[in-house]
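Novice: File data-v7.txt below, compact mmCIF, C-alpha atoms and all ligand atoms:
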# COMPACT_ATOMS: atom_id res chain seq x y z
CA MET A 1 -0.78 6.88 -2.58
CA SER A 2 1.17 3.75 -3.13
CA SER A 3 1.11 2.46 0.40
CA GLU A 4 -1.56 0.70 2.35
CA PRO A 5 -3.53 3.10 4.57
CA ALA A 6 -3.05 2.26 8.21
CA ASN A 7 -6.50 3.19 9.50
CA LEU A 8 -8.78 0.66 11.12
CA ASP A 9 -11.81 1.68 9.07
CA TRP A 10 -11.36 -1.21 6.70
CA PRO A 11 -13.55 -4.11 5.71
CA VAL A 12 -12.61 -7.19 7.69
CA ASP A 13 -14.11 -9.82 5.39
CA LEU A 14 -11.03 -10.63 3.35
CA PRO A 15 -11.76 -14.12 1.98
CA TRP A 16 -8.40 -14.56 0.23
CA LEU A 17 -6.61 -14.24 3.59
CA ALA A 18 -8.61 -16.99 5.33
CA THR A 19 -5.86 -19.58 4.77
CA ASP A 20 -3.11 -17.22 5.92
CA TRP A 21 -5.13 -16.37 9.04
CA ARG A 22 -5.70 -20.03 9.85
CA LEU A 23 -2.00 -20.89 9.41
CA LEU A 24 -0.99 -17.91 11.53
CA ARG A 25 -3.34 -18.90 14.35
CA GLN A 26 -1.91 -22.41 14.27
CA ARG A 27 1.50 -20.97 15.09
CA PHE A 28 0.04 -19.76 18.39
CA ASN A 29 -2.05 -22.86 19.12
CA GLY A 30 0.50 -25.48 18.12
CA GLN A 31 2.86 -27.62 20.18
CA GLN A 32 5.79 -25.27 19.67
CA ALA A 33 6.37 -22.00 21.46
CA PRO A 34 4.41 -19.18 19.81
CA PRO A 35 6.41 -16.72 17.72
CA HIS A 36 7.50 -13.52 19.44
CA ALA A 37 8.43 -11.64 16.26
CA LEU A 38 6.52 -12.06 13.05
CA MET A 39 7.15 -10.29 9.78
CA LEU A 40 4.13 -9.81 7.51
CA THR A 41 5.17 -9.08 3.95
CA GLY A 42 3.21 -8.61 0.74
CA ALA A 43 2.40 -5.99 -1.85
CA PRO A 44 0.74 -2.79 -0.59
CA GLY A 45 -2.99 -3.47 -0.46
CA SER A 46 -2.60 -7.22 0.02
CA GLY A 47 -3.94 -6.96 3.58
CA ARG A 48 -0.92 -6.64 5.88
CA THR A 49 -2.52 -4.11 8.21
CA ALA A 50 -5.81 -5.99 8.34
CA THR A 51 -3.96 -9.23 9.12
CA ALA A 52 -1.89 -7.60 11.86
CA ASN A 53 -5.05 -6.15 13.42
CA HIS A 54 -6.84 -9.47 13.16
CA ILE A 55 -4.05 -11.32 14.96
CA ALA A 56 -3.75 -8.56 17.59
CA ALA A 57 -7.50 -8.52 18.27
CA TRP A 58 -7.60 -12.31 18.57
CA LEU A 59 -4.62 -12.51 20.97
CA LEU A 60 -5.87 -9.63 23.15
CA CYS A 61 -9.51 -10.80 23.27
CA GLN A 62 -10.67 -11.93 26.72
CA GLN A 63 -12.93 -14.66 25.32
CA ALA A 64 -11.35 -15.43 21.96
CA GLN A 65 -12.97 -18.09 19.83
CA GLU A 66 -10.91 -20.62 17.95
CA ASP A 67 -10.77 -18.54 14.79
CA ALA A 68 -11.48 -14.93 15.75
CA ALA A 69 -11.82 -12.36 18.51
CA CYS A 70 -15.29 -12.22 20.11
CA GLY A 71 -15.80 -8.59 19.09
CA THR A 72 -17.79 -7.74 22.22
CA CYS A 73 -15.56 -8.05 25.30
CA ALA A 74 -13.97 -4.99 26.95
CA SER A 75 -10.66 -5.72 25.22
CA CYS A 76 -12.27 -6.01 21.76
CA ARG A 77 -14.18 -2.77 22.31
CA MET A 78 -11.00 -0.93 23.24
CA HIS A 79 -9.25 -2.39 20.20
CA GLN A 80 -12.08 -1.22 17.95
CA ALA A 81 -11.84 2.24 19.51
CA GLY A 82 -8.08 2.29 18.86
CA SER A 83 -7.33 2.71 22.57
CA HIS A 84 -6.16 -0.71 23.77
CA PRO A 85 -3.30 -0.17 26.25
CA ASP A 86 -1.68 -3.50 25.33
CA LEU A 87 -1.65 -2.79 21.60
CA LEU A 88 1.23 -0.54 20.65
CA GLN A 89 1.61 0.95 17.20
CA VAL A 90 4.69 2.44 15.57
CA LYS A 91 4.26 4.17 12.25
CA LEU A 92 5.73 6.96 10.17
CA GLU A 93 4.95 10.30 11.75
CA GLU A 94 3.34 12.89 9.52
CA ASP A 95 5.71 14.17 6.82
CA ALA A 96 8.48 11.82 8.02
CA ASN A 97 10.30 9.34 5.76
CA THR A 98 11.84 7.32 8.55
CA ILE A 99 10.91 5.66 11.82
CA LYS A 100 13.28 7.17 14.34
CA VAL A 101 15.21 5.58 17.17
CA ASP A 102 13.18 7.56 19.74
CA GLN A 103 9.97 5.90 18.50
CA ILE A 104 11.54 2.44 18.94
CA ARG A 105 12.89 3.36 22.40
CA ALA A 106 9.41 4.53 23.42
CA LEU A 107 7.99 1.22 22.18
CA ILE A 108 10.55 -0.82 24.14
CA HIS A 109 9.80 1.22 27.26
CA ALA A 110 6.05 0.64 26.85
CA LEU A 111 6.59 -3.10 26.32
CA ASN A 112 8.39 -3.28 29.68
CA LEU A 113 5.25 -2.12 31.48
CA THR A 114 2.85 -4.78 32.72
CA ALA A 115 0.08 -5.95 30.45
CA GLY A 116 -3.32 -4.95 31.78
CA PHE A 117 -5.82 -7.42 30.35
CA ASN A 118 -5.29 -11.05 29.39
CA GLY A 119 -1.50 -10.91 29.61
CA TRP A 120 -0.68 -10.46 25.91
CA ARG A 121 1.01 -7.37 24.53
CA VAL A 122 1.19 -6.77 20.81
CA ALA A 123 3.28 -4.20 18.96
CA ILE A 124 2.63 -3.43 15.30
CA ILE A 125 5.46 -1.70 13.41
CA GLN A 126 4.08 -0.32 10.15
CA ALA A 127 6.47 0.38 7.26
CA ALA A 128 9.20 -1.41 9.21
CA SER A 129 11.71 -0.95 6.38
CA SER A 130 11.60 2.81 7.11
CA MET A 131 13.42 2.31 10.42
CA THR A 132 16.73 4.18 10.53
CA ASP A 133 19.83 2.07 11.18
CA SER A 134 19.88 3.16 14.81
CA ALA A 135 16.15 2.43 15.19
CA ALA A 136 16.69 -1.06 13.76
CA ASN A 137 19.68 -1.62 16.06
CA ALA A 138 17.69 -0.49 19.08
CA LEU A 139 15.05 -3.11 18.27
CA LEU A 140 17.41 -6.10 17.98
CA LYS A 141 17.49 -7.15 21.62
CA THR A 142 13.73 -6.80 22.00
CA LEU A 143 13.21 -8.92 18.87
CA GLU A 144 15.20 -11.70 20.51
CA GLU A 145 13.73 -11.46 23.99
CA PRO A 146 10.56 -9.44 23.98
CA GLY A 147 9.28 -11.10 27.16
CA ASP A 148 6.47 -13.57 27.80
CA LYS A 149 3.23 -13.31 25.80
CA THR A 150 4.60 -10.47 23.72
CA LEU A 151 4.31 -10.34 19.96
CA LEU A 152 6.07 -7.92 17.63
CA LEU A 153 4.49 -7.65 14.18
CA LEU A 154 6.67 -6.03 11.53
CA LEU A 155 4.98 -4.99 8.28
CA ALA A 156 6.96 -4.50 5.06
CA ASP A 157 6.73 -4.92 1.28
CA THR A 158 9.43 -7.57 1.19
CA ARG A 159 11.65 -9.37 3.65
CA MET A 160 14.77 -8.09 1.89
CA SER A 161 13.76 -4.46 2.44
CA LEU A 162 14.91 -4.92 6.04
CA PRO A 163 18.44 -5.62 7.29
CA ALA A 164 19.29 -9.30 7.70
CA THR A 165 19.87 -8.67 11.43
CA ILE A 166 16.15 -7.85 11.69
CA HIS A 167 14.49 -10.32 9.34
CA SER A 168 16.60 -13.25 10.51
CA ARG A 169 15.12 -12.75 14.01
CA CYS A 170 11.51 -12.85 12.76
CA GLN A 171 9.24 -15.63 11.61
CA GLN A 172 7.97 -14.88 8.13
CA CYS A 173 4.52 -14.73 6.63
CA LEU A 174 4.15 -13.69 2.98
CA LEU A 175 0.60 -12.60 2.12
CA GLN A 176 -0.42 -13.43 -1.43
CA ALA A 177 -2.72 -11.24 -3.51
CA PRO A 178 -5.85 -13.16 -4.55
CA VAL A 179 -6.55 -14.33 -8.10
CA ARG A 180 -8.38 -11.73 -10.18
CA GLU A 181 -11.83 -13.37 -10.06
CA VAL A 182 -11.78 -13.53 -6.26
CA ALA A 183 -10.65 -9.90 -5.98
CA LEU A 184 -13.33 -8.72 -8.43
CA ALA A 185 -16.08 -10.67 -6.71
CA TRP A 186 -15.02 -9.16 -3.39
CA LEU A 187 -15.04 -5.60 -4.81
CA GLN A 188 -18.53 -6.25 -6.20
CA GLN A 189 -19.74 -6.94 -2.66
CA HIS A 190 -18.56 -3.49 -1.59
CA PHE A 191 -19.22 -1.23 -4.58
CA ALA A 192 -22.19 -0.76 -6.87
CA ASP A 193 -20.01 0.48 -9.78
CA ASP A 194 -20.17 -1.56 -12.96
CA GLU A 195 -17.65 -4.32 -13.46
CA GLN A 196 -15.52 -2.36 -15.92
CA VAL A 197 -14.83 0.34 -13.31
CA LEU A 198 -13.99 -2.27 -10.66
CA ALA A 199 -11.69 -4.10 -13.07
CA GLN A 200 -9.95 -0.84 -13.88
CA ALA A 201 -9.49 -0.07 -10.18
CA LEU A 202 -7.91 -3.49 -9.75
CA ASP A 203 -5.55 -2.82 -12.66
CA MET A 204 -4.63 0.52 -11.13
CA ALA A 205 -3.84 -1.25 -7.87
CA TYR A 206 -1.72 -3.86 -9.69
CA GLY A 207 -4.13 -6.56 -8.51
CA ALA A 208 -4.06 -5.68 -4.79
CA PRO A 209 -7.72 -5.63 -3.69
CA LEU A 210 -7.43 -3.35 -0.64
CA GLN A 211 -5.54 -0.81 -2.71
CA ALA A 212 -8.37 -0.99 -5.29
CA TRP A 213 -10.88 -0.58 -2.45
CA SER A 214 -9.05 2.53 -1.30
CA LEU A 215 -8.89 4.00 -4.84
CA LEU A 216 -12.64 3.47 -5.31
CA ARG A 217 -13.46 4.95 -1.92
CA GLN A 218 -11.46 8.10 -2.66
CA ASP A 219 -12.80 8.49 -6.19
CA HIS A 220 -9.31 8.07 -7.62
CA VAL A 221 -10.61 5.92 -10.47
CA ALA A 222 -12.51 8.91 -11.88
CA THR A 223 -9.36 11.05 -11.50
CA ALA A 224 -7.23 8.50 -13.29
CA ARG A 225 -9.72 8.29 -16.15
CA SER A 226 -9.72 12.08 -16.56
CA ILE A 227 -5.92 12.11 -16.68
CA ALA A 228 -5.98 9.42 -19.39
CA ALA A 229 -8.65 11.33 -21.32
CA GLY A 230 -6.51 14.51 -21.26
CA LEU A 231 -3.44 12.65 -22.54
CA GLN A 232 -5.48 10.96 -25.26
CA SER A 233 -7.05 14.26 -26.42
CA LEU A 234 -3.60 15.82 -26.74
CA ALA A 235 -2.37 12.78 -28.67
CA ALA A 236 -5.30 13.14 -31.07
CA ALA A 237 -4.59 16.91 -31.36
CA ASP A 238 -8.16 17.59 -30.17
CA THR A 239 -7.11 20.10 -27.53
CA ASP A 240 -4.19 22.18 -26.21
CA THR A 241 -2.13 21.82 -23.07
CA GLN A 242 -3.73 24.78 -21.28
CA SER A 243 -7.22 23.26 -21.64
CA VAL A 244 -5.92 19.98 -20.25
CA LEU A 245 -4.32 21.81 -17.31
CA ASP A 246 -7.65 23.56 -16.65
CA GLN A 247 -9.44 20.21 -16.59
CA TRP A 248 -6.85 18.77 -14.19
CA GLN A 249 -6.94 21.80 -11.95
CA PRO A 250 -9.01 20.13 -9.16
CA TRP A 251 -6.26 17.61 -8.42
CA PRO A 252 -2.97 18.14 -6.60
CA ALA A 253 0.11 17.92 -8.82
CA GLU A 254 1.23 14.81 -6.95
CA GLN A 255 -1.89 12.97 -8.13
CA CYS A 256 -1.51 14.20 -11.71
CA TRP A 257 2.08 12.92 -11.83
CA HIS A 258 1.09 9.64 -10.23
CA TRP A 259 -1.55 8.92 -12.86
CA ILE A 260 0.57 10.21 -15.76
CA GLN A 261 3.23 7.70 -14.73
CA PHE A 262 0.64 4.99 -14.25
CA TRP A 263 -0.79 5.41 -17.78
CA LEU A 264 2.63 5.67 -19.42
CA HIS A 265 3.63 2.48 -17.65
CA GLN A 266 0.45 0.73 -18.89
CA TRP A 267 0.85 2.04 -22.43
CA SER A 268 4.55 1.15 -22.55
CA ARG A 269 3.64 -2.43 -21.67
CA GLN A 270 1.03 -2.51 -24.43
CA CYS A 271 3.56 -1.12 -26.94
CA LEU A 272 6.22 -3.65 -25.93
CA ALA A 273 3.79 -6.43 -26.78
CA ASP A 274 2.78 -4.84 -30.09
CA GLN A 275 5.03 -5.68 -33.06
CA HIS A 276 3.59 -2.77 -35.06
CA VAL A 277 5.16 -0.23 -32.68
CA ASP A 278 8.76 0.41 -33.72
CA ALA A 279 11.72 0.64 -31.36
CA ALA A 280 12.09 4.43 -31.71
CA ALA A 281 8.49 4.97 -30.61
CA ARG A 282 8.88 2.66 -27.62
CA GLN A 283 12.05 4.48 -26.67
CA ALA A 284 10.30 7.87 -26.91
CA LEU A 285 7.49 6.64 -24.65
CA LEU A 286 9.92 5.33 -22.03
CA GLN A 287 11.85 8.60 -22.14
CA LEU A 288 8.65 10.53 -21.39
CA TYR A 289 7.94 8.17 -18.53
CA ASP A 290 11.37 8.91 -17.06
CA GLN A 291 10.84 12.64 -17.50
CA ALA A 292 7.49 12.42 -15.68
CA ALA A 293 9.15 10.50 -12.85
CA GLU A 294 11.86 13.16 -12.60
CA SER A 295 9.38 16.03 -12.67
CA ALA A 296 7.27 14.33 -9.99
CA GLN A 297 10.30 14.63 -7.69
CA THR A 298 10.04 18.43 -7.92
CA VAL A 299 6.67 18.55 -6.09
CA ALA A 300 8.37 19.01 -2.72
CA SER A 301 10.88 21.54 -4.07
CA GLY A 302 8.39 24.39 -4.42
CA LEU A 303 8.72 24.66 -8.21
CA ARG A 304 5.46 25.75 -9.85
CA GLN A 305 3.82 22.50 -10.80
CA ASP A 306 1.47 23.94 -13.43
CA LEU A 307 4.59 24.99 -15.37
CA GLN A 308 6.26 21.63 -14.83
CA ILE A 309 3.19 19.72 -16.00
CA ASN A 310 2.66 22.04 -18.95
CA ALA A 311 6.28 21.56 -20.07
CA TRP A 312 5.84 17.79 -19.88
CA LEU A 313 2.51 17.90 -21.74
CA LEU A 314 4.17 19.83 -24.58
CA ARG A 315 6.79 17.08 -24.85
CA TRP A 316 4.00 14.50 -24.80
CA GLN A 317 2.18 16.34 -27.55
CA GLY A 318 5.37 16.49 -29.64
CA MET A 319 6.07 12.79 -29.17
CA CYS A 320 2.51 11.84 -30.17
CA ALA A 321 2.81 14.00 -33.31
CA SER A 322 6.04 12.21 -34.32
CA HIS A 323 5.08 8.65 -33.43
CA ALA A 324 1.66 7.16 -34.09
CA ILE A 325 1.60 5.32 -30.76
CA MET A 326 -1.78 6.21 -29.34
CA GLN A 327 -3.65 4.71 -32.28
CA ARG A 328 -2.24 1.35 -31.09
CA ILE A 329 -3.41 1.78 -27.49
CA SER A 330 -6.66 0.19 -26.43
CA PRO A 331 -8.60 2.39 -23.98
ZN ZN A 401 -13.17 -10.13 22.68
Kindly present the structure from the file in structure tokens form.

Specialist:
Amino acid sequence: MSSEPANLDWPVDLPWLATDWRLLRQRFNGQQAPPHALMLTGAPGSGRTATANHIAAWLLCQQAQEDAACGTCASCRMHQAGSHPDLLQVKLEEDANTIKVDQIRALIHALNLTAGFNGWRVAIIQAASSMTDSAANALLKTLEEPGDKTLLLLLADTRMSLPATIHSRCQQCLLQAPVREVALAWLQQHFADDEQVLAQALDMAYGAPLQAWSLLRQDHVATARSIAAGLQSLAAADTDTQSVLDQWQPWPAEQCWHWIQFWLHQWSRQCLADQHVDAAARQALLQLYDQAAESAQTVASGLRQDLQINAWLLRWQGMCASHAIMQRISP
């Protein structure tokens, strides 16, 4: 849930990236040789995938305009259909945590084949920091000499999440999240929800607009609000843990843990800034956050998650009875 979805079904009007796009295009139109390896970094949801696709579409287009692909030529149509032979994608395979050396070898092999359309070949490596050491090593030579009119785009949260041998061979582009007003105005163009809901989605996405877009599309904002409501009812002793579990029953345990941690993180920040909350109460809140993070790790282990969540909720209830924290929290 924390990473940027890699599908192409995304809005392409991303006004806060206009400057980044223009500067990137200049690197290909300028006097100097165009880059052959480019690392796009930025927080999840800042628009890395959209930027990579934009650059790829523009380079592969058969009648590219100065600032964008034409959107109608054979190459653009294949790109839109996700079947362009000169656009190669490497990403985490389902249920995998790493990009394996075989995936990189297959990419290198494909890059050695002749380009079919306008001569350019583009490879996008999603979640590049997930490459195993041997996958990263296999890529080194290709990063240095990928061949004419070949561009490798590596996507990652931060430059430092990749080995120096990799990032030192790439040009860098750090995508900035937009200021809040710009992000909110953009969300308003896409969703009819009232501003409070959109603002909350943006908070939940830590300010990254595409992440907020994704949360709103998947109805995660409503889920998050229900999780908060359950925690608040327990804090006010209005309900019991079984009733809360029943209300949360529609959602997978992974989502429940995600939003429990999210709210505890938000509330801990509020308490840290509130001089009326004493140190023992802050400590108790942080301890519960850590316990939630630990319990969330058990999802894959096969332990019964209703029991895990119930045990945590009982601790939460006990903490709220001992420390009057929730009265200090603004909804
Ligand atoms: Zn085109």

Novice: Might you pull out every residue within 12 Å of Glu181 in chain A, with all atoms listed in the file counted and same-chain residues fewer than 3 positions away left off, and present them as a list in words?

Specialist: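 Near neighbours after the sequence-gap exclusion: Trp16, Ala177, Pro178, Leu184, Ala185, Trp186, Leu187, Gln188, Glu195, Leu198, Ala199, Leu202, Gly207 and Pro209 of chain A.
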
Novice: Any chance you can output those residues with C-alpha atoms as a PDB file, keeping the file's coordinate frame?

Specialist:
ATOM      1  CA  TRP A  16      -8.400 -14.560   0.230  1.00  0.00           C
ATOM      2  CA  ALA A 177      -2.720 -11.240  -3.510  1.00  0.00           C
ATOM      3  CA  PRO A 178      -5.850 -13.160  -4.550  1.00  0.00           C
ATOM      4  CA  LEU A 184     -13.330  -8.720  -8.430  1.00  0.00           C
ATOM      5  CA  ALA A 185     -16.080 -10.670  -6.710  1.00  0.00           C
ATOM      6  CA  TRP A 186     -15.020  -9.160  -3.390  1.00  0.00           C
ATOM      7  CA  LEU A 187     -15.040  -5.600  -4.810  1.00  0.00           C
ATOM      8  CA  GLN A 188     -18.530  -6.250  -6.200  1.00  0.00           C
ATOM      9  CA  GLU A 195     -17.650  -4.320 -13.460  1.00  0.00           C
ATOM     10  CA  LEU A 198     -13.990  -2.270 -10.660  1.00  0.00           C
ATOM     11  CA  ALA A 199     -11.690  -4.100 -13.070  1.00  0.00           C
ATOM     12  CA  LEU A 202      -7.910  -3.490  -9.750  1.00  0.00           C
ATOM     13  CA  GLY A 207      -4.130  -6.560  -8.510  1.00  0.00           C
ATOM     14  CA  PRO A 209      -7.720  -5.630  -3.690  1.00  0.00           C
TER      15      PRO A 209
END

Novice: Please, which residues have at least one atom within 7 Å of an atom of ligand ZN 401 (chain A), using all atoms listed in the file, listed as an MDAnalysis selection string?

Specialist: chainID A and resid 61:64 69:76

Novice: Give me the residues near Asp157 in chain A as a VMD selection string, where near means some atom within 6 Å (using all atoms listed in the file) and where sequence neighbours in that chain fewer than 3 positions away do not count.

Specialist: chain A and resid 41 to 43

Novice: Please report the interatomic distance between CA of Leu92 in chain A and CA of Pro44 in chain A in Å with one decimal.

Specialist: 15.4 Å

Novice: Using only C-alpha atoms, which residues sit within 12 Å of Gln232 in chain A once same-chain residues fewer than 4 positions away are excluded, as an NGL selection string?

Specialist: :A and (225-228 or 236-241 or 244 or 260 or 263-264 or 267 or 313 or 316-317 or 320-321 or 324-331)

Novice: Do you have the CA of Pro15 in chain A-CA of Ala56 in chain A distance handy?

Specialist: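 A separation of 18.4 Å between them.
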
Novice: Name the closest residue to Pro252 in chain A among the candidates A:Leu143, A:Leu17, A:Ala296, A:Leu285; distances are taken between atoms, counting only C-alpha atoms.

Specialist: A:Ala296

Novice: Tell me, as a list in words, which residues lie within 9 Å of Ala292 in chain A, counting all atoms listed in the file; anything in the same chain fewer than 4 positions away does not count.

Specialist: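 That gives Trp257, His258, Ile260, Gln261, Gln287, Leu288, Ala296, Gln297, Ile309 and Trp312 of chain A.
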
Novice: As a compact mmCIF listing (two decimals) with C-alpha atoms, in the coordinates of the input, please: the residues near range 100-102 of chain A (cut-off 9 Å, all atoms listed in the file, same-chain neighbours under 5 positions excluded).

Specialist:
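Written file, around_20.txt:
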# COMPACT_ATOMS: atom_id res chain seq x y z
CA LEU A 92 5.73 6.96 10.17
CA LEU A 107 7.99 1.22 22.18
CA SER A 130 11.60 2.81 7.11
CA MET A 131 13.42 2.31 10.42
CA THR A 132 16.73 4.18 10.53
CA ASP A 133 19.83 2.07 11.18
CA SER A 134 19.88 3.16 14.81
CA ALA A 135 16.15 2.43 15.19
CA ALA A 136 16.69 -1.06 13.76
CA ASN A 137 19.68 -1.62 16.06
CA ALA A 138 17.69 -0.49 19.08
CA LEU A 139 15.05 -3.11 18.27

Novice: Would you work out the distance separating CA of Leu307 in chain A from CA of Ala222 in chain A, expressed in Å to one decimal?

Specialist: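 CA of Ala222 in chain A lies 23.7 Å from CA of Leu307 in chain A.
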
Novice: Please determine, counting only C-alpha atoms, which residue among A:Ser268, A:His220, A:Ala128, A:Gly82 has the shortest atom-to-atom distance to Arg159 in chain A.

Specialist: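 Nearest to Arg159 in chain A: A:Ala128.
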
Novice: List the residues sitting within 10 Å of (7.0, -0.6, -29.9) in the file's frame, using only C-alpha atoms, as a PDB file with C-alpha atoms, in the coordinates of the input.

Specialist:
ATOM      1  CA  SER A 268       4.550   1.150 -22.550  1.00  0.00           C
ATOM      2  CA  ARG A 269       3.640  -2.430 -21.670  1.00  0.00           C
ATOM      3  CA  GLN A 270       1.030  -2.510 -24.430  1.00  0.00           C
ATOM      4  CA  CYS A 271       3.560  -1.120 -26.940  1.00  0.00           C
ATOM      5  CA  LEU A 272       6.220  -3.650 -25.930  1.00  0.00           C
ATOM      6  CA  ALA A 273       3.790  -6.430 -26.780  1.00  0.00           C
ATOM      7  CA  ASP A 274       2.780  -4.840 -30.090  1.00  0.00           C
ATOM      8  CA  GLN A 275       5.030  -5.680 -33.060  1.00  0.00           C
ATOM      9  CA  HIS A 276       3.590  -2.770 -35.060  1.00  0.00           C
ATOM     10  CA  VAL A 277       5.160  -0.230 -32.680  1.00  0.00           C
ATOM     11  CA  ASP A 278       8.760   0.410 -33.720  1.00  0.00           C
ATOM     12  CA  ALA A 279      11.720   0.640 -31.360  1.00  0.00           C
ATOM     13  CA  ALA A 280      12.090   4.430 -31.710  1.00  0.00           C
ATOM     14  CA  ALA A 281       8.490   4.970 -30.610  1.00  0.00           C
ATOM     15  CA  ARG A 282       8.880   2.660 -27.620  1.00  0.00           C
ATOM     16  CA  GLN A 283      12.050   4.480 -26.670  1.00  0.00           C
ATOM     17  CA  ALA A 284      10.300   7.870 -26.910  1.00  0.00           C
ATOM     18  CA  LEU A 285       7.490   6.640 -24.650  1.00  0.00           C
ATOM     19  CA  ILE A 325       1.600   5.320 -30.760  1.00  0.00           C
ATOM     20  CA  ARG A 328      -2.240   1.350 -31.090  1.00  0.00           C
TER      21      ARG A 328
END

Novice: Using all atoms listed in the file, which of the listed residues (A:Asn112, A:Thr150, A:Gln26, A:Ser129) sits closest to Ala164 in chain A?

Specialist: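 Under the stated criterion, the closest residue is A:Ser129.
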